Amino acid sequence: FSVVFPLTFLINTTFGRRDQALQKLADFRGCVLSTALFTYTVDWPDPEVPGSYTGGRKRLPPSFNKAVLEDFRRLFQLIYEYLSMPSVSHARHVAFWHKQPYKRRIHSKQNDLLKKWNDIMFDFYMHTEEMRKTGFPSGEASRLHQYHQ
């Protein structure tokens, strides 16, 4: 009993953390995909045509959709790179001095990926602003910005 109980507790805790991480990753993925779909497909009334319900998207530059898709691809690539990095939060990376340079290198790479992530988020903001300049309703733009945060 003294060995089985701690072992089963450890296994249950580990699977609980794994399930929470997968749930958060699925929520994030859903948010990113819905933002991409919305940015890529939404249409709005053309301000130059009174009474129209569509046609505003035609005023965007021809390269807009390609740029949006490329930014989402870059974002998913960064997520993959970040999640594929080795873990350096174990005690062996703190206790043993010869593991410290390795830990610093990994943290440096993680920080570089987070900076690139922030650049992509700014690009998403600029895509929304470009849509707003062509007549995209400001209320919808505000909603889209909330997803970017």
# chains A, B, ... in the order shown; residues from 1 in each chain; ligands from 1

call {"tool": "select_by_dssp", "arguments": {"residues": "chain A", "states": "helix (DSSP H, G or I)", "output": "PyMOL selection string"}}
result
chain A and resi 4-41+56-59+64-84+92-95+97-133+138-148

call {"tool": "residues_around", "arguments": {"residues": "A:Lys133", "least_positions_apart": "3", "cutoff": "12 Å", "atoms": "only C-alpha atoms", "output": "list in words"}}
result
Asp46, Pro47, Gly56, Arg57, Arg59, Leu60, Pro61, Met126, His127, Thr128, Glu129, Glu130, Phe136, Pro137, Ser138 and Ala141 of chain A

call {"tool": "write_last_selection", "arguments": {"atoms": "N, CA and C atoms", "output": "PDB file, in the first residue's frame"}}
result
ATOM      1  N   ASP A  46     -20.707  47.638 -48.730  1.00  0.00           N
ATOM      2  CA  ASP A  46     -19.839  48.579 -49.433  1.00  0.00           C
ATOM      3  C   ASP A  46     -20.327  49.987 -49.127  1.00  0.00           C
ATOM      4  N   PRO A  47     -19.475  50.851 -48.540  1.00  0.00           N
ATOM      5  CA  PRO A  47     -19.923  52.195 -48.178  1.00  0.00           C
ATOM      6  C   PRO A  47     -20.294  53.066 -49.387  1.00  0.00           C
ATOM      7  N   GLY A  56     -18.030  45.045 -49.540  1.00  0.00           N
ATOM      8  CA  GLY A  56     -16.946  45.816 -48.926  1.00  0.00           C
ATOM      9  C   GLY A  56     -15.607  45.103 -49.006  1.00  0.00           C
ATOM     10  N   ARG A  57     -15.632  43.789 -49.003  1.00  0.00           N
ATOM     11  CA  ARG A  57     -14.399  43.014 -49.056  1.00  0.00           C
ATOM     12  C   ARG A  57     -13.657  43.214 -50.380  1.00  0.00           C
ATOM     13  N   ARG A  59     -12.966  45.813 -51.785  1.00  0.00           N
ATOM     14  CA  ARG A  59     -12.121  47.008 -51.737  1.00  0.00           C
ATOM     15  C   ARG A  59     -10.757  46.733 -51.096  1.00  0.00           C
ATOM     16  N   LEU A  60     -10.587  45.527 -50.544  1.00  0.00           N
ATOM     17  CA  LEU A  60      -9.287  45.165 -49.965  1.00  0.00           C
ATOM     18  C   LEU A  60      -8.270  44.931 -51.075  1.00  0.00           C
ATOM     19  N   PRO A  61      -6.988  45.125 -50.785  1.00  0.00           N
ATOM     20  CA  PRO A  61      -5.971  44.845 -51.801  1.00  0.00           C
ATOM     21  C   PRO A  61      -5.962  43.358 -52.183  1.00  0.00           C
ATOM     22  N   MET A 126      -2.908  44.972 -37.640  1.00  0.00           N
ATOM     23  CA  MET A 126      -2.821  45.799 -38.847  1.00  0.00           C
ATOM     24  C   MET A 126      -3.764  45.293 -39.940  1.00  0.00           C
ATOM     25  N   HIS A 127      -3.972  43.985 -40.028  1.00  0.00           N
ATOM     26  CA  HIS A 127      -4.940  43.458 -41.003  1.00  0.00           C
ATOM     27  C   HIS A 127      -6.341  43.974 -40.681  1.00  0.00           C
ATOM     28  N   THR A 128      -6.680  43.972 -39.402  1.00  0.00           N
ATOM     29  CA  THR A 128      -7.998  44.465 -39.007  1.00  0.00           C
ATOM     30  C   THR A 128      -8.127  45.952 -39.311  1.00  0.00           C
ATOM     31  N   GLU A 129      -7.082  46.703 -39.069  1.00  0.00           N
ATOM     32  CA  GLU A 129      -7.119  48.134 -39.377  1.00  0.00           C
ATOM     33  C   GLU A 129      -7.233  48.374 -40.879  1.00  0.00           C
ATOM     34  N   GLU A 130      -6.606  47.525 -41.662  1.00  0.00           N
ATOM     35  CA  GLU A 130      -6.727  47.641 -43.123  1.00  0.00           C
ATOM     36  C   GLU A 130      -8.166  47.365 -43.553  1.00  0.00           C
ATOM     37  N   PHE A 136     -15.000  48.326 -43.061  1.00  0.00           N
ATOM     38  CA  PHE A 136     -15.366  47.300 -42.079  1.00  0.00           C
ATOM     39  C   PHE A 136     -15.907  47.987 -40.830  1.00  0.00           C
ATOM     40  N   PRO A 137     -17.075  47.580 -40.315  1.00  0.00           N
ATOM     41  CA  PRO A 137     -17.669  48.265 -39.164  1.00  0.00           C
ATOM     42  C   PRO A 137     -16.741  48.242 -37.942  1.00  0.00           C
ATOM     43  N   SER A 138     -16.683  49.374 -37.254  1.00  0.00           N
ATOM     44  CA  SER A 138     -15.746  49.490 -36.131  1.00  0.00           C
ATOM     45  C   SER A 138     -16.126  48.570 -34.974  1.00  0.00           C
ATOM     46  N   ALA A 141     -14.653  45.320 -35.802  1.00  0.00           N
ATOM     47  CA  ALA A 141     -13.194  45.405 -35.660  1.00  0.00           C
ATOM     48  C   ALA A 141     -12.802  45.302 -34.192  1.00  0.00           C
TER      49      ALA A 141
END

call {"tool": "closest_residue", "arguments": {"among": "A:Tyr125, A:Thr41, A:Phe15, A:Phe64", "to": "A:Arg143", "atoms": "only C-alpha atoms"}}
result
A:Tyr125

call {"tool": "closest_residue", "arguments": {"among": "A:Ser142, A:Thr134, A:Gln110, A:Thr14", "to": "A:Ile79", "atoms": "only C-alpha atoms"}}
result
A:Gln110

call {"tool": "atom_distance", "arguments": {"atom1": "atom CA of A:Lys103", "atom2": "atom CA of A:Val88"}}
result
5.7 Å

call {"tool": "atom_distance", "arguments": {"atom1": "atom CA of A:Val68", "atom2": "atom CA of A:Tyr40"}}
result
7.0 Å

call {"tool": "residues_around", "arguments": {"residues": "A:Ile120", "least_positions_apart": "5", "cutoff": "10 Å", "atoms": "only C-alpha atoms", "output": "PyMOL selection string"}}
result
chain A and resi 71-72+74-75+78+114-115+125-126+148

call {"tool": "decode", "arguments": {"residues": "stretch 34-46 of chain A", "atoms": "N, CA, C and O atoms", "output": "PDB file, in the first residue's frame"}}
result
ATOM      1  N   SER A  34     -11.062  30.406 -35.556  1.00  0.00           N
ATOM      2  CA  SER A  34     -12.247  31.241 -35.787  1.00  0.00           C
ATOM      3  C   SER A  34     -11.845  32.655 -36.189  1.00  0.00           C
ATOM      4  O   SER A  34     -12.491  33.271 -37.040  1.00  0.00           O
ATOM      5  N   THR A  35     -10.769  33.161 -35.622  1.00  0.00           N
ATOM      6  CA  THR A  35     -10.269  34.479 -36.027  1.00  0.00           C
ATOM      7  C   THR A  35      -9.799  34.449 -37.478  1.00  0.00           C
ATOM      8  O   THR A  35     -10.084  35.365 -38.249  1.00  0.00           O
ATOM      9  N   ALA A  36      -9.091  33.390 -37.843  1.00  0.00           N
ATOM     10  CA  ALA A  36      -8.610  33.274 -39.223  1.00  0.00           C
ATOM     11  C   ALA A  36      -9.780  33.195 -40.194  1.00  0.00           C
ATOM     12  O   ALA A  36      -9.795  33.880 -41.220  1.00  0.00           O
ATOM     13  N   LEU A  37     -10.746  32.366 -39.869  1.00  0.00           N
ATOM     14  CA  LEU A  37     -11.906  32.214 -40.748  1.00  0.00           C
ATOM     15  C   LEU A  37     -12.664  33.534 -40.878  1.00  0.00           C
ATOM     16  O   LEU A  37     -13.061  33.929 -41.979  1.00  0.00           O
ATOM     17  N   PHE A  38     -12.840  34.217 -39.767  1.00  0.00           N
ATOM     18  CA  PHE A  38     -13.548  35.495 -39.792  1.00  0.00           C
ATOM     19  C   PHE A  38     -12.780  36.518 -40.630  1.00  0.00           C
ATOM     20  O   PHE A  38     -13.354  37.197 -41.479  1.00  0.00           O
ATOM     21  N   THR A  39     -11.475  36.625 -40.393  1.00  0.00           N
ATOM     22  CA  THR A  39     -10.665  37.599 -41.129  1.00  0.00           C
ATOM     23  C   THR A  39     -10.608  37.269 -42.616  1.00  0.00           C
ATOM     24  O   THR A  39     -10.601  38.152 -43.456  1.00  0.00           O
ATOM     25  N   TYR A  40     -10.594  35.997 -42.921  1.00  0.00           N
ATOM     26  CA  TYR A  40     -10.427  35.563 -44.301  1.00  0.00           C
ATOM     27  C   TYR A  40     -11.718  35.596 -45.110  1.00  0.00           C
ATOM     28  O   TYR A  40     -11.672  35.756 -46.328  1.00  0.00           O
ATOM     29  N   THR A  41     -12.881  35.481 -44.461  1.00  0.00           N
ATOM     30  CA  THR A  41     -14.113  35.324 -45.239  1.00  0.00           C
ATOM     31  C   THR A  41     -15.176  36.388 -45.014  1.00  0.00           C
ATOM     32  O   THR A  41     -16.100  36.491 -45.817  1.00  0.00           O
ATOM     33  N   VAL A  42     -15.115  37.153 -43.947  1.00  0.00           N
ATOM     34  CA  VAL A  42     -16.200  38.084 -43.633  1.00  0.00           C
ATOM     35  C   VAL A  42     -16.351  39.135 -44.741  1.00  0.00           C
ATOM     36  O   VAL A  42     -15.382  39.552 -45.358  1.00  0.00           O
ATOM     37  N   ASP A  43     -17.589  39.504 -44.992  1.00  0.00           N
ATOM     38  CA  ASP A  43     -17.877  40.574 -45.945  1.00  0.00           C
ATOM     39  C   ASP A  43     -18.752  41.599 -45.242  1.00  0.00           C
ATOM     40  O   ASP A  43     -19.459  41.282 -44.291  1.00  0.00           O
ATOM     41  N   TRP A  44     -18.714  42.829 -45.683  1.00  0.00           N
ATOM     42  CA  TRP A  44     -19.464  43.902 -45.057  1.00  0.00           C
ATOM     43  C   TRP A  44     -20.029  44.798 -46.146  1.00  0.00           C
ATOM     44  O   TRP A  44     -19.620  44.719 -47.303  1.00  0.00           O
ATOM     45  N   PRO A  45     -20.987  45.637 -45.802  1.00  0.00           N
ATOM     46  CA  PRO A  45     -21.591  46.508 -46.820  1.00  0.00           C
ATOM     47  C   PRO A  45     -20.563  47.445 -47.449  1.00  0.00           C
ATOM     48  O   PRO A  45     -19.685  47.976 -46.766  1.00  0.00           O
ATOM     49  N   ASP A  46     -20.707  47.638 -48.730  1.00  0.00           N
ATOM     50  CA  ASP A  46     -19.839  48.579 -49.433  1.00  0.00           C
ATOM     51  C   ASP A  46     -20.327  49.987 -49.127  1.00  0.00           C
ATOM     52  O   ASP A  46     -21.487  50.326 -49.408  1.00  0.00           O
TER      53      ASP A  46
END
